[in-house]
There are 2 protein chains.
Amino acid sequence: MKMFEQVVNGIQPLDDVSKKKAQQRLDGLVKPIGSLGRLEDIAAQLAGITGKLYNEIHKKVTIVMAADNGIYEEQVSPAPQEVTVLQTGNFFKGITGINVLSKHAGADIRVVDIGIKGQVNHPQLIQRKIRQGTSNMVKGPAMTREEAIEGIEVGIEMVEQLVNEGYELLGTGEMGIGNTSSSSAIISAFTGCSVDESVGKGAGLTEAQYAHKKGVIKQVLEINQPTPDDPLDVLAKVGGFDIAGMVGCFLGSAYYRVPIVIDGFISMAAALTAYKINPLVKGYMIPSHCSAEPGFQIAVDLLGIEPMLNLNMRLGEGSGCPLAFQLIEAAAKIICDMGTFTEGNIDDSDYVDIR
Amino acid sequence: MKMFEQVVNGIQPLDDVSKKKAQQRLDGLVKPIGSLGRLEDIAAQLAGITGKLYNEIHKKVTIVMAADNGIYEEQVSPAPQEVTVLQTGNFFKGITGINVLSKHAGADIRVVDIGIKGQVNHPQLIQRKIRQGTSNMVKGPAMTREEAIEGIEVGIEMVEQLVNEGYELLGTGEMGIGNTSSSSAIISAFTGCSVDESVGKGAGLTEAQYAHKKGVIKQVLEINQPTPDDPLDVLAKVGGFDIAGMVGCFLGSAYYRVPIVIDGFISMAAALTAYKINPLVKGYMIPSHCSAEPGFQIAVDLLGIEPMLNLNMRLGEGSGCPLAFQLIEAAAKIICDMGTFTEGNIDDSDYVDIR
């Protein structure tokens, strides 16, 4: 609890002076002003985060929070629950989507057991299990308020450790059968949108399963009555351990001033929760791809951010992060490596008005 | 002309057997079916293009076609015409957007003078100048039909040469002040859309300049009366040498069966022209990013393709290509490097129906 409060209260806004200097440098590069769009925004954002004009990104990593969800009992998922255990093991075989995409991007992954139902034994698995999965939230809160804070602190500690190891760019991912249900419930709880708007078909549901899932999430919200103005209450009552861990990653990244990438729907629900805890975290976040889940867009609109990738992906695992890493590195390189109008022998005053 | 006809008539459809095999392999990988979205589509498309299930991409390159446009006289651009010459020189200094983004992606560039007004001397500049810029198309055709074919053949020859050098992934870019005007005119000519729909603010125009530009393009279309059913007529009358070269790149890529990336607005106008010449080229094209130009979306809808990146970029130079290259490589690696359900110890039949 002490760590949680220290971090939440210690988050500072972006360094506007550095951000402005970066924008000036970008405007002087040999291209029409603003023509590299979002890449320029990110280059300026990085300067605001680190306080440095030139940011070189050498080490990047996606943190995968793995946990199970008690709501699984209500048959809201098309996949068997043991997939959480099995796929967590697969992360160490190097055969999953996040493995292959991370390797491609020259990025690492760290997998945390923050609440898997069952036991995964691997020397590289970070053992921070809070409990063997959350409680079934259709019957009451998914977790206690203390457990929610504990989960957040796991995320904060992960960020602290990774920053100490020299990582300069982080990503958030998850593995947990049933976690789209929590994400939908969180988004409905915060925004007041109906479950018709926040619930999607997850990794693949039939129409009948979809209708059933919506009914279950509606019940979850009715029974728990999460308080939208109290983000910890929302997280504890209708969240998951994986989401709590990711909330901690977002808060920790803002505290330690390191950019952090939002993956898909579940990661976005965590980002929204972190934003509700302290809106300053938004400055440190970089969205990656558009999730196909309908609730995703609601959170995006509320946060006022714009994903860079439109790939119709819905895998989770943090799989959008390594793809975004490459774009963020490209953004960083623009400001480091492009030449100025002067170096390009172009008089930029000619651009102003030719008529 | 002989080369043009040989290539246009020699283009074959994608290899459906290989594409289907790739789709089967993708469906058996350790993830929910289709959950890697567009990356899976691209992996299957690559198989259809090359006839190989596993595609490793080692060498990739963006071809930058540089040319001037006679329409510049009508003051349709906010940049001075000599920027074409200057920026073409800058490509060899390594300081431009396409340089920096290509280096980041481990990709090369090739710059072709296909019609620059003026002389750029650099040993690496490929000298294929057709003429010192097109004619002012507000007074008559931009070029002759023979010149349009000559331009296309330059593009075809570039692809042939690059394929012989071992390049496995190509991109299309351009440098030419005034070329958004040609692109808008082409899109209006093919689709019948009004200039209000096809003309944008290019690299940066005031409202007054924008209104003027629309008036000029309207005149261009009235005076030239391009025939929508005759793509060479459209290209010759309202196109540019850079666009003709890129049309040749698209046709050549389909002929030599190598994937080719569409960049932004101008590249998309060339892609549409190539598609009108032979619709089979579409199977070989991969769109990269959404241009901010309004006519872009009209062409995208007509082609029925979906860009992967939403970066609000409007630089040109082929700058979207290296960013797309990294995504395409990621797509190729999924099918090569991910494990199957069996390797992941997951019984995929469990996924089918759990209720």
# chains A, B, ... in the order shown; residues from 1 in each chain; ligands from 1
call {"tool": "calpha_fit_and_write", "arguments": {"fixed": "chain B", "moving": "chain A", "output": "short mmCIF file (atom, residue, chain, number, x, y, z; two decimals) with C-alpha atoms, in the first residue's frame"}}
result
data_model
loop_
_atom_site.label_atom_id
_atom_site.label_comp_id
_atom_site.auth_asym_id
_atom_site.auth_seq_id
_atom_site.Cartn_x
_atom_site.Cartn_y
_atom_site.Cartn_z
CA MET A 1 5.81 -1.41 -76.19
CA LYS A 2 6.70 -5.06 -76.73
CA MET A 3 7.91 -5.36 -73.13
CA PHE A 4 4.79 -3.63 -71.82
CA GLU A 5 2.49 -6.03 -73.67
CA GLN A 6 4.51 -9.08 -72.75
CA VAL A 7 4.37 -8.18 -69.06
CA VAL A 8 0.70 -7.17 -68.99
CA ASN A 9 -0.33 -10.35 -70.78
CA GLY A 10 2.06 -12.53 -68.81
CA ILE A 11 0.76 -11.75 -65.32
CA GLN A 12 -0.68 -14.85 -63.63
CA PRO A 13 -3.05 -15.09 -60.67
CA LEU A 14 -1.78 -16.04 -57.20
CA ASP A 15 -0.97 -19.69 -56.57
CA ASP A 16 -4.13 -20.75 -54.76
CA VAL A 17 -2.80 -24.14 -53.73
CA SER A 18 0.15 -22.60 -51.87
CA LYS A 19 -2.09 -19.93 -50.39
CA LYS A 20 -4.48 -22.55 -49.07
CA LYS A 21 -1.64 -24.62 -47.62
CA ALA A 22 -0.38 -21.52 -45.84
CA GLN A 23 -3.85 -20.85 -44.44
CA GLN A 24 -4.03 -24.42 -43.14
CA ARG A 25 -0.64 -24.06 -41.49
CA LEU A 26 -1.73 -20.75 -39.93
CA ASP A 27 -4.92 -22.32 -38.58
CA GLY A 28 -2.87 -24.99 -36.82
CA LEU A 29 -0.58 -22.54 -35.01
CA VAL A 30 -0.87 -22.12 -31.26
CA LYS A 31 -3.39 -19.23 -31.22
CA PRO A 32 -7.12 -18.81 -31.80
CA ILE A 33 -7.86 -19.14 -35.53
CA GLY A 34 -7.42 -15.85 -37.36
CA SER A 35 -6.35 -13.99 -34.22
CA LEU A 36 -3.25 -12.52 -35.88
CA GLY A 37 -5.56 -10.84 -38.39
CA ARG A 38 -3.90 -9.07 -41.29
CA LEU A 39 -0.53 -10.65 -40.48
CA GLU A 40 -2.07 -14.03 -41.29
CA ASP A 41 -3.59 -12.67 -44.51
CA ILE A 42 -0.19 -11.40 -45.57
CA ALA A 43 1.55 -14.67 -44.71
CA ALA A 44 -0.96 -16.48 -46.95
CA GLN A 45 -0.62 -13.82 -49.66
CA LEU A 46 3.16 -14.24 -49.68
CA ALA A 47 2.70 -17.98 -50.21
CA GLY A 48 0.34 -17.26 -53.10
CA ILE A 49 2.86 -14.89 -54.63
CA THR A 50 6.00 -16.99 -54.31
CA GLY A 51 4.47 -20.46 -54.35
CA LYS A 52 6.43 -21.22 -51.18
CA LEU A 53 4.88 -21.96 -47.79
CA TYR A 54 7.78 -20.52 -45.85
CA ASN A 55 9.00 -17.13 -47.02
CA GLU A 56 12.08 -15.56 -45.54
CA ILE A 57 12.68 -12.00 -46.57
CA HIS A 58 16.34 -11.05 -46.66
CA LYS A 59 16.55 -8.19 -49.12
CA LYS A 60 14.03 -5.41 -49.50
CA VAL A 61 14.14 -2.10 -51.29
CA THR A 62 12.04 0.97 -52.00
CA ILE A 63 12.20 2.33 -55.54
CA VAL A 64 11.92 6.12 -55.53
CA MET A 65 10.79 7.55 -58.88
CA ALA A 66 11.73 11.22 -59.16
CA ALA A 67 10.16 13.50 -61.76
CA ASP A 68 8.74 16.97 -62.23
CA ASN A 69 5.28 18.05 -63.29
CA GLY A 70 4.41 20.78 -65.79
CA ILE A 71 1.31 21.60 -63.76
CA TYR A 72 3.68 23.26 -61.28
CA GLU A 73 3.32 26.42 -63.39
CA GLU A 74 -0.26 26.73 -62.17
CA GLN A 75 0.91 27.27 -58.58
CA VAL A 76 -0.69 24.14 -57.17
CA SER A 77 2.14 23.36 -54.75
CA PRO A 78 3.41 25.16 -51.65
CA ALA A 79 6.98 24.02 -52.32
CA PRO A 80 9.37 25.42 -54.94
CA GLN A 81 9.94 23.14 -57.95
CA GLU A 82 13.68 22.91 -57.37
CA VAL A 83 12.92 20.85 -54.25
CA THR A 84 12.65 17.86 -56.61
CA VAL A 85 16.30 18.33 -57.62
CA LEU A 86 17.47 19.20 -54.12
CA GLN A 87 15.67 16.39 -52.32
CA THR A 88 16.81 13.86 -54.95
CA GLY A 89 20.34 14.90 -54.08
CA ASN A 90 19.53 14.58 -50.39
CA PHE A 91 18.58 10.91 -50.85
CA PHE A 92 22.29 10.27 -51.40
CA LYS A 93 23.27 12.16 -48.26
CA GLY A 94 21.22 9.76 -46.16
CA ILE A 95 19.34 12.57 -44.40
CA THR A 96 15.78 12.22 -45.72
CA GLY A 97 12.79 10.46 -44.19
CA ILE A 98 13.00 7.47 -46.53
CA ASN A 99 16.73 7.13 -45.80
CA VAL A 100 16.29 7.04 -42.05
CA LEU A 101 13.25 4.76 -42.08
CA SER A 102 14.88 2.39 -44.58
CA LYS A 103 18.05 2.13 -42.55
CA HIS A 104 15.94 1.37 -39.49
CA ALA A 105 14.17 -1.44 -41.35
CA GLY A 106 17.37 -2.83 -42.87
CA ALA A 107 16.07 -1.91 -46.30
CA ASP A 108 17.72 -0.28 -49.31
CA ILE A 109 16.52 2.46 -51.62
CA ARG A 110 17.04 3.01 -55.36
CA VAL A 111 16.41 6.43 -56.80
CA VAL A 112 15.50 6.84 -60.47
CA ASP A 113 15.54 10.13 -62.37
CA ILE A 114 12.61 9.39 -64.65
CA GLY A 115 11.85 13.01 -65.51
CA ILE A 116 13.40 15.56 -63.18
CA LYS A 117 13.49 19.13 -64.49
CA GLY A 118 17.17 19.87 -64.12
CA GLN A 119 20.16 17.66 -63.66
CA VAL A 120 21.16 15.65 -60.60
CA ASN A 121 24.55 14.05 -60.81
CA HIS A 122 25.28 11.21 -58.49
CA PRO A 123 26.82 7.85 -59.36
CA GLN A 124 24.01 6.04 -57.52
CA LEU A 125 21.18 7.92 -59.24
CA ILE A 126 19.67 5.72 -61.93
CA GLN A 127 19.45 7.89 -65.04
CA ARG A 128 16.28 7.06 -66.96
CA LYS A 129 15.00 10.56 -67.68
CA ILE A 130 12.17 10.58 -70.23
CA ARG A 131 11.97 14.34 -70.41
CA GLN A 132 12.62 17.42 -68.21
CA GLY A 133 9.23 17.06 -66.51
CA THR A 134 5.78 16.55 -68.02
CA SER A 135 3.93 19.20 -70.01
CA ASN A 136 1.51 21.46 -68.21
CA MET A 137 -1.62 19.31 -68.36
CA VAL A 138 -3.93 22.23 -67.96
CA LYS A 139 -2.99 23.04 -71.55
CA GLY A 140 -3.09 19.49 -72.95
CA PRO A 141 -1.81 15.97 -72.24
CA ALA A 142 0.97 15.67 -69.64
CA MET A 143 2.80 13.25 -71.90
CA THR A 144 2.30 11.19 -75.04
CA ARG A 145 0.96 7.65 -74.91
CA GLU A 146 4.43 6.46 -76.01
CA GLU A 147 6.05 8.31 -73.11
CA ALA A 148 3.58 6.74 -70.69
CA ILE A 149 4.56 3.28 -71.93
CA GLU A 150 8.24 4.23 -71.79
CA GLY A 151 7.77 5.26 -68.16
CA ILE A 152 6.01 2.00 -67.35
CA GLU A 153 8.84 0.08 -68.96
CA VAL A 154 11.38 1.89 -66.80
CA GLY A 155 9.48 0.56 -63.78
CA ILE A 156 9.30 -2.96 -65.19
CA GLU A 157 13.04 -2.95 -65.89
CA MET A 158 13.77 -1.72 -62.36
CA VAL A 159 11.80 -4.64 -60.92
CA GLU A 160 13.51 -7.12 -63.24
CA GLN A 161 16.91 -5.85 -62.18
CA LEU A 162 16.10 -5.85 -58.47
CA VAL A 163 14.64 -9.36 -58.61
CA ASN A 164 17.84 -10.48 -60.34
CA GLU A 165 19.80 -8.88 -57.51
CA GLY A 166 17.87 -11.04 -55.05
CA TYR A 167 15.37 -8.55 -53.63
CA GLU A 168 12.33 -10.34 -52.23
CA LEU A 169 10.16 -7.40 -51.20
CA LEU A 170 9.73 -4.12 -53.05
CA GLY A 171 8.26 -0.74 -52.18
CA THR A 172 7.17 2.19 -54.32
CA GLY A 173 8.02 5.79 -53.62
CA GLU A 174 8.31 9.10 -55.44
CA MET A 175 9.71 12.58 -55.32
CA GLY A 176 8.15 15.22 -57.51
CA ILE A 177 6.71 18.61 -56.63
CA GLY A 178 3.15 18.77 -57.96
CA ASN A 179 2.48 15.05 -58.09
CA THR A 180 -0.53 15.08 -55.77
CA SER A 181 -2.28 17.04 -58.55
CA SER A 182 -1.71 14.22 -61.03
CA SER A 183 -2.80 11.65 -58.49
CA SER A 184 -6.06 13.48 -57.79
CA ALA A 185 -6.74 13.85 -61.51
CA ILE A 186 -6.09 10.13 -62.06
CA ILE A 187 -8.44 9.13 -59.25
CA SER A 188 -11.19 11.45 -60.50
CA ALA A 189 -10.67 10.19 -64.05
CA PHE A 190 -10.99 6.51 -63.10
CA THR A 191 -13.74 6.78 -60.50
CA GLY A 192 -15.73 9.74 -61.75
CA CYS A 193 -15.52 11.33 -58.30
CA SER A 194 -15.51 15.13 -58.13
CA VAL A 195 -12.32 17.09 -57.52
CA ASP A 196 -13.80 18.07 -54.16
CA GLU A 197 -13.47 14.41 -53.24
CA SER A 198 -10.11 13.66 -54.85
CA VAL A 199 -8.08 16.80 -54.18
CA GLY A 200 -6.42 17.39 -50.84
CA LYS A 201 -4.06 19.88 -49.36
CA GLY A 202 -0.92 17.96 -50.41
CA ALA A 203 2.14 18.73 -48.34
CA GLY A 204 0.46 21.87 -46.93
CA LEU A 205 -1.83 24.43 -48.60
CA THR A 206 -3.89 27.32 -47.28
CA GLU A 207 -7.65 27.33 -47.90
CA ALA A 208 -7.24 29.78 -50.81
CA GLN A 209 -4.49 27.66 -52.38
CA TYR A 210 -6.65 24.58 -51.88
CA ALA A 211 -9.63 26.14 -53.71
CA HIS A 212 -7.28 27.22 -56.49
CA LYS A 213 -5.81 23.71 -56.80
CA LYS A 214 -9.27 22.17 -57.11
CA GLY A 215 -10.15 24.64 -59.88
CA VAL A 216 -6.97 23.73 -61.75
CA ILE A 217 -7.59 19.96 -61.55
CA LYS A 218 -11.15 20.50 -62.74
CA GLN A 219 -9.78 22.34 -65.78
CA VAL A 220 -7.23 19.57 -66.37
CA LEU A 221 -10.01 16.99 -66.56
CA GLU A 222 -12.23 19.15 -68.77
CA ILE A 223 -9.47 19.94 -71.25
CA ASN A 224 -8.01 16.42 -71.49
CA GLN A 225 -11.18 14.31 -71.22
CA PRO A 226 -9.28 11.17 -70.19
CA THR A 227 -11.06 7.91 -71.10
CA PRO A 228 -11.59 5.86 -67.91
CA ASP A 229 -11.67 2.57 -69.82
CA ASP A 230 -8.27 3.28 -71.34
CA PRO A 231 -5.78 3.42 -68.45
CA LEU A 232 -2.89 4.42 -70.71
CA ASP A 233 -4.95 7.37 -71.91
CA VAL A 234 -5.61 8.47 -68.32
CA LEU A 235 -1.95 8.04 -67.37
CA ALA A 236 -0.66 9.92 -70.42
CA LYS A 237 -3.11 12.79 -70.22
CA VAL A 238 -3.20 13.51 -66.48
CA GLY A 239 -0.40 11.42 -64.93
CA GLY A 240 3.28 12.01 -64.32
CA PHE A 241 6.53 10.25 -65.19
CA ASP A 242 6.99 9.18 -61.57
CA ILE A 243 3.50 7.65 -61.55
CA ALA A 244 4.14 5.90 -64.88
CA GLY A 245 7.32 4.42 -63.43
CA MET A 246 5.45 3.19 -60.36
CA VAL A 247 2.72 1.67 -62.55
CA GLY A 248 5.53 -0.27 -64.19
CA CYS A 249 6.82 -1.38 -60.78
CA PHE A 250 3.41 -2.79 -59.88
CA LEU A 251 3.01 -4.56 -63.22
CA GLY A 252 6.58 -5.84 -63.08
CA SER A 253 6.20 -7.15 -59.53
CA ALA A 254 3.13 -9.13 -60.51
CA TYR A 255 4.91 -10.46 -63.60
CA TYR A 256 8.02 -11.48 -61.65
CA ARG A 257 5.92 -12.67 -58.67
CA VAL A 258 7.41 -10.52 -55.93
CA PRO A 259 5.35 -8.68 -53.27
CA ILE A 260 5.20 -4.90 -53.64
CA VAL A 261 4.16 -2.28 -51.11
CA ILE A 262 1.94 0.70 -51.87
CA ASP A 263 3.04 3.85 -50.05
CA GLY A 264 0.72 6.86 -49.85
CA PHE A 265 -1.52 8.86 -52.15
CA ILE A 266 0.65 9.05 -55.28
CA SER A 267 1.72 5.44 -55.03
CA MET A 268 -1.95 4.50 -54.57
CA ALA A 269 -2.89 6.40 -57.77
CA ALA A 270 -0.23 4.36 -59.58
CA ALA A 271 -1.54 1.14 -57.98
CA LEU A 272 -5.05 1.98 -59.19
CA THR A 273 -3.75 2.64 -62.71
CA ALA A 274 -1.89 -0.68 -62.74
CA TYR A 275 -5.05 -2.42 -61.50
CA LYS A 276 -7.03 -0.84 -64.33
CA ILE A 277 -4.43 -2.17 -66.80
CA ASN A 278 -4.58 -5.69 -65.33
CA PRO A 279 -6.66 -6.43 -62.21
CA LEU A 280 -4.47 -9.44 -61.36
CA VAL A 281 -1.78 -7.09 -60.03
CA LYS A 282 -3.88 -6.56 -56.92
CA GLY A 283 -2.85 -9.95 -55.54
CA TYR A 284 0.78 -8.85 -55.44
CA MET A 285 0.18 -5.52 -53.73
CA ILE A 286 0.36 -4.82 -50.00
CA PRO A 287 -0.90 -1.43 -48.81
CA SER A 288 1.09 0.24 -46.02
CA HIS A 289 -0.42 3.34 -44.45
CA CYS A 290 -3.49 5.54 -44.71
CA SER A 291 -2.67 8.78 -46.46
CA ALA A 292 -4.33 11.89 -45.11
CA GLU A 293 -5.30 12.87 -48.71
CA PRO A 294 -9.06 12.42 -49.27
CA GLY A 295 -8.67 10.77 -52.68
CA PHE A 296 -6.65 8.00 -51.09
CA GLN A 297 -9.67 6.41 -49.45
CA ILE A 298 -11.60 6.43 -52.73
CA ALA A 299 -8.85 4.40 -54.39
CA VAL A 300 -8.58 2.09 -51.36
CA ASP A 301 -12.32 1.39 -51.48
CA LEU A 302 -12.21 0.73 -55.20
CA LEU A 303 -9.29 -1.67 -54.82
CA GLY A 304 -10.85 -3.28 -51.77
CA ILE A 305 -7.63 -3.27 -49.76
CA GLU A 306 -6.88 -2.15 -46.22
CA PRO A 307 -3.76 -0.26 -45.12
CA MET A 308 -2.09 -1.55 -41.95
CA LEU A 309 -0.75 1.71 -40.57
CA ASN A 310 -2.62 4.74 -39.35
CA LEU A 311 0.12 7.30 -38.81
CA ASN A 312 -1.30 10.42 -40.42
CA MET A 313 1.77 10.57 -42.65
CA ARG A 314 1.90 12.65 -45.82
CA LEU A 315 5.58 12.80 -46.72
CA GLY A 316 5.78 10.60 -49.80
CA GLU A 317 9.28 9.36 -50.82
CA GLY A 318 7.99 5.83 -50.19
CA SER A 319 8.29 6.50 -46.48
CA GLY A 320 5.46 4.10 -45.57
CA CYS A 321 7.23 1.18 -47.27
CA PRO A 322 10.04 0.44 -44.80
CA LEU A 323 7.53 0.60 -41.94
CA ALA A 324 5.34 -1.90 -43.78
CA PHE A 325 8.35 -4.07 -44.61
CA GLN A 326 8.82 -4.77 -40.91
CA LEU A 327 5.20 -5.85 -40.55
CA ILE A 328 5.42 -8.05 -43.65
CA GLU A 329 8.57 -9.68 -42.32
CA ALA A 330 6.73 -10.28 -39.04
CA ALA A 331 3.91 -11.93 -41.01
CA ALA A 332 6.40 -14.16 -42.80
CA LYS A 333 8.01 -15.16 -39.52
CA ILE A 334 4.73 -16.20 -37.91
CA ILE A 335 4.30 -19.02 -40.37
CA CYS A 336 7.97 -20.00 -40.18
CA ASP A 337 8.58 -19.77 -36.44
CA MET A 338 5.36 -20.23 -34.44
CA GLY A 339 4.57 -23.67 -33.05
CA THR A 340 1.48 -25.76 -33.69
CA PHE A 341 -1.22 -26.70 -31.18
CA THR A 342 0.40 -30.14 -30.97
CA GLU A 343 3.80 -28.63 -30.17
CA GLY A 344 2.06 -26.42 -27.61
CA ASN A 345 0.31 -29.41 -25.98
CA ILE A 346 -3.08 -27.83 -26.58
CA ASP A 347 -5.90 -29.91 -27.98
CA ASP A 348 -7.39 -27.55 -30.53
CA SER A 349 -10.60 -29.58 -30.68
CA ASP A 350 -11.30 -28.23 -27.17
CA TYR A 351 -11.62 -24.81 -28.75
CA VAL A 352 -14.53 -25.74 -30.97
CA ASP A 353 -17.48 -25.71 -28.60
CA ILE A 354 -17.36 -25.72 -24.87
CA ARG A 355 -20.99 -25.15 -24.03
#
call {"tool": "select_by_dssp", "arguments": {"residues": "range 111-288 of chain A", "states": "alpha helix (DSSP H)", "output": "PyMOL selection string"}}
result
chain A and resi 145-164+179-191+195-198+207-224+231-238+241-256+265-277
call {"tool": "select_by_dssp", "arguments": {"residues": "range 26-194 of chain B", "states": "strand (DSSP E or B)", "output": "PyMOL selection string"}}
result
chain B and resi 29+60-67+108-115+126-127+169-175
call {"tool": "write_last_selection", "arguments": {"atoms": "N, CA, C and O atoms", "output": "compact mmCIF listing (two decimals), in the first residue's frame"}}
result
# COMPACT_ATOMS: atom_id res chain seq x y z
N LEU B 29 -1.56 -23.14 -35.92
CA LEU B 29 -0.58 -22.55 -35.01
C LEU B 29 -1.22 -22.25 -33.66
O LEU B 29 -2.43 -22.07 -33.56
N LYS B 60 15.19 -6.22 -49.11
CA LYS B 60 14.03 -5.41 -49.48
C LYS B 60 14.48 -4.01 -49.84
O LYS B 60 15.50 -3.52 -49.32
N VAL B 61 13.72 -3.39 -50.71
CA VAL B 61 14.15 -2.11 -51.28
C VAL B 61 12.94 -1.26 -51.68
O VAL B 61 11.93 -1.80 -52.12
N THR B 62 13.05 0.04 -51.48
CA THR B 62 12.04 0.97 -51.99
C THR B 62 12.59 1.68 -53.22
O THR B 62 13.70 2.22 -53.18
N ILE B 63 11.82 1.64 -54.28
CA ILE B 63 12.19 2.32 -55.52
C ILE B 63 11.57 3.72 -55.49
O ILE B 63 10.36 3.86 -55.37
N VAL B 64 12.41 4.75 -55.56
CA VAL B 64 11.92 6.13 -55.53
C VAL B 64 12.00 6.71 -56.94
O VAL B 64 13.10 6.90 -57.47
N MET B 65 10.84 6.97 -57.53
CA MET B 65 10.78 7.55 -58.87
C MET B 65 10.71 9.07 -58.72
O MET B 65 9.78 9.59 -58.10
N ALA B 66 11.69 9.77 -59.28
CA ALA B 66 11.72 11.23 -59.15
C ALA B 66 11.45 11.88 -60.50
O ALA B 66 12.05 11.52 -61.52
N ALA B 67 10.51 12.83 -60.51
CA ALA B 67 10.15 13.51 -61.76
C ALA B 67 9.43 14.82 -61.45
O ALA B 67 8.85 14.98 -60.38
N ASP B 108 16.98 -1.17 -48.41
CA ASP B 108 17.71 -0.29 -49.31
C ASP B 108 16.75 0.65 -50.03
O ASP B 108 15.54 0.46 -50.00
N ILE B 109 17.31 1.67 -50.70
CA ILE B 109 16.52 2.46 -51.64
C ILE B 109 17.25 2.56 -52.96
O ILE B 109 18.48 2.46 -53.03
N ARG B 110 16.47 2.71 -54.03
CA ARG B 110 17.03 3.00 -55.35
C ARG B 110 16.29 4.22 -55.89
O ARG B 110 15.04 4.22 -55.88
N VAL B 111 17.03 5.19 -56.31
CA VAL B 111 16.41 6.43 -56.79
C VAL B 111 16.59 6.52 -58.31
O VAL B 111 17.70 6.35 -58.82
N VAL B 112 15.49 6.77 -59.01
CA VAL B 112 15.49 6.84 -60.47
C VAL B 112 15.10 8.25 -60.90
O VAL B 112 14.06 8.76 -60.50
N ASP B 113 15.95 8.89 -61.71
CA ASP B 113 15.53 10.14 -62.38
C ASP B 113 14.76 9.72 -63.62
O ASP B 113 15.34 9.35 -64.63
N ILE B 114 13.44 9.80 -63.52
CA ILE B 114 12.60 9.39 -64.65
C ILE B 114 12.02 10.61 -65.34
O ILE B 114 11.30 10.49 -66.34
N GLY B 115 12.37 11.81 -64.84
CA GLY B 115 11.85 13.01 -65.51
C GLY B 115 12.01 14.27 -64.67
O GLY B 115 11.14 15.15 -64.68
N ILE B 126 19.92 6.48 -60.70
CA ILE B 126 19.68 5.72 -61.93
C ILE B 126 19.08 6.66 -62.97
O ILE B 126 18.01 7.23 -62.78
N GLN B 127 19.81 6.87 -64.07
CA GLN B 127 19.44 7.89 -65.05
C GLN B 127 18.52 7.29 -66.10
O GLN B 127 18.94 6.60 -66.99
N LEU B 169 11.28 -8.25 -51.60
CA LEU B 169 10.17 -7.39 -51.19
C LEU B 169 10.47 -5.99 -51.69
O LEU B 169 11.55 -5.45 -51.42
N LEU B 170 9.53 -5.43 -52.43
CA LEU B 170 9.74 -4.12 -53.04
C LEU B 170 8.76 -3.10 -52.48
O LEU B 170 7.68 -3.44 -52.01
N GLY B 171 9.16 -1.85 -52.55
CA GLY B 171 8.27 -0.75 -52.18
C GLY B 171 8.32 0.32 -53.25
O GLY B 171 9.27 0.39 -54.03
N THR B 172 7.27 1.14 -53.30
CA THR B 172 7.18 2.18 -54.32
C THR B 172 7.14 3.55 -53.66
O THR B 172 6.34 3.80 -52.77
N GLY B 173 8.01 4.44 -54.14
CA GLY B 173 8.02 5.80 -53.62
C GLY B 173 8.23 6.79 -54.74
O GLY B 173 8.47 6.41 -55.90
N GLU B 174 8.13 8.07 -54.41
CA GLU B 174 8.30 9.10 -55.44
C GLU B 174 8.79 10.39 -54.83
O GLU B 174 8.68 10.61 -53.64
N MET B 175 9.35 11.23 -55.68
CA MET B 175 9.71 12.59 -55.32
C MET B 175 9.37 13.43 -56.53
O MET B 175 9.89 13.19 -57.62
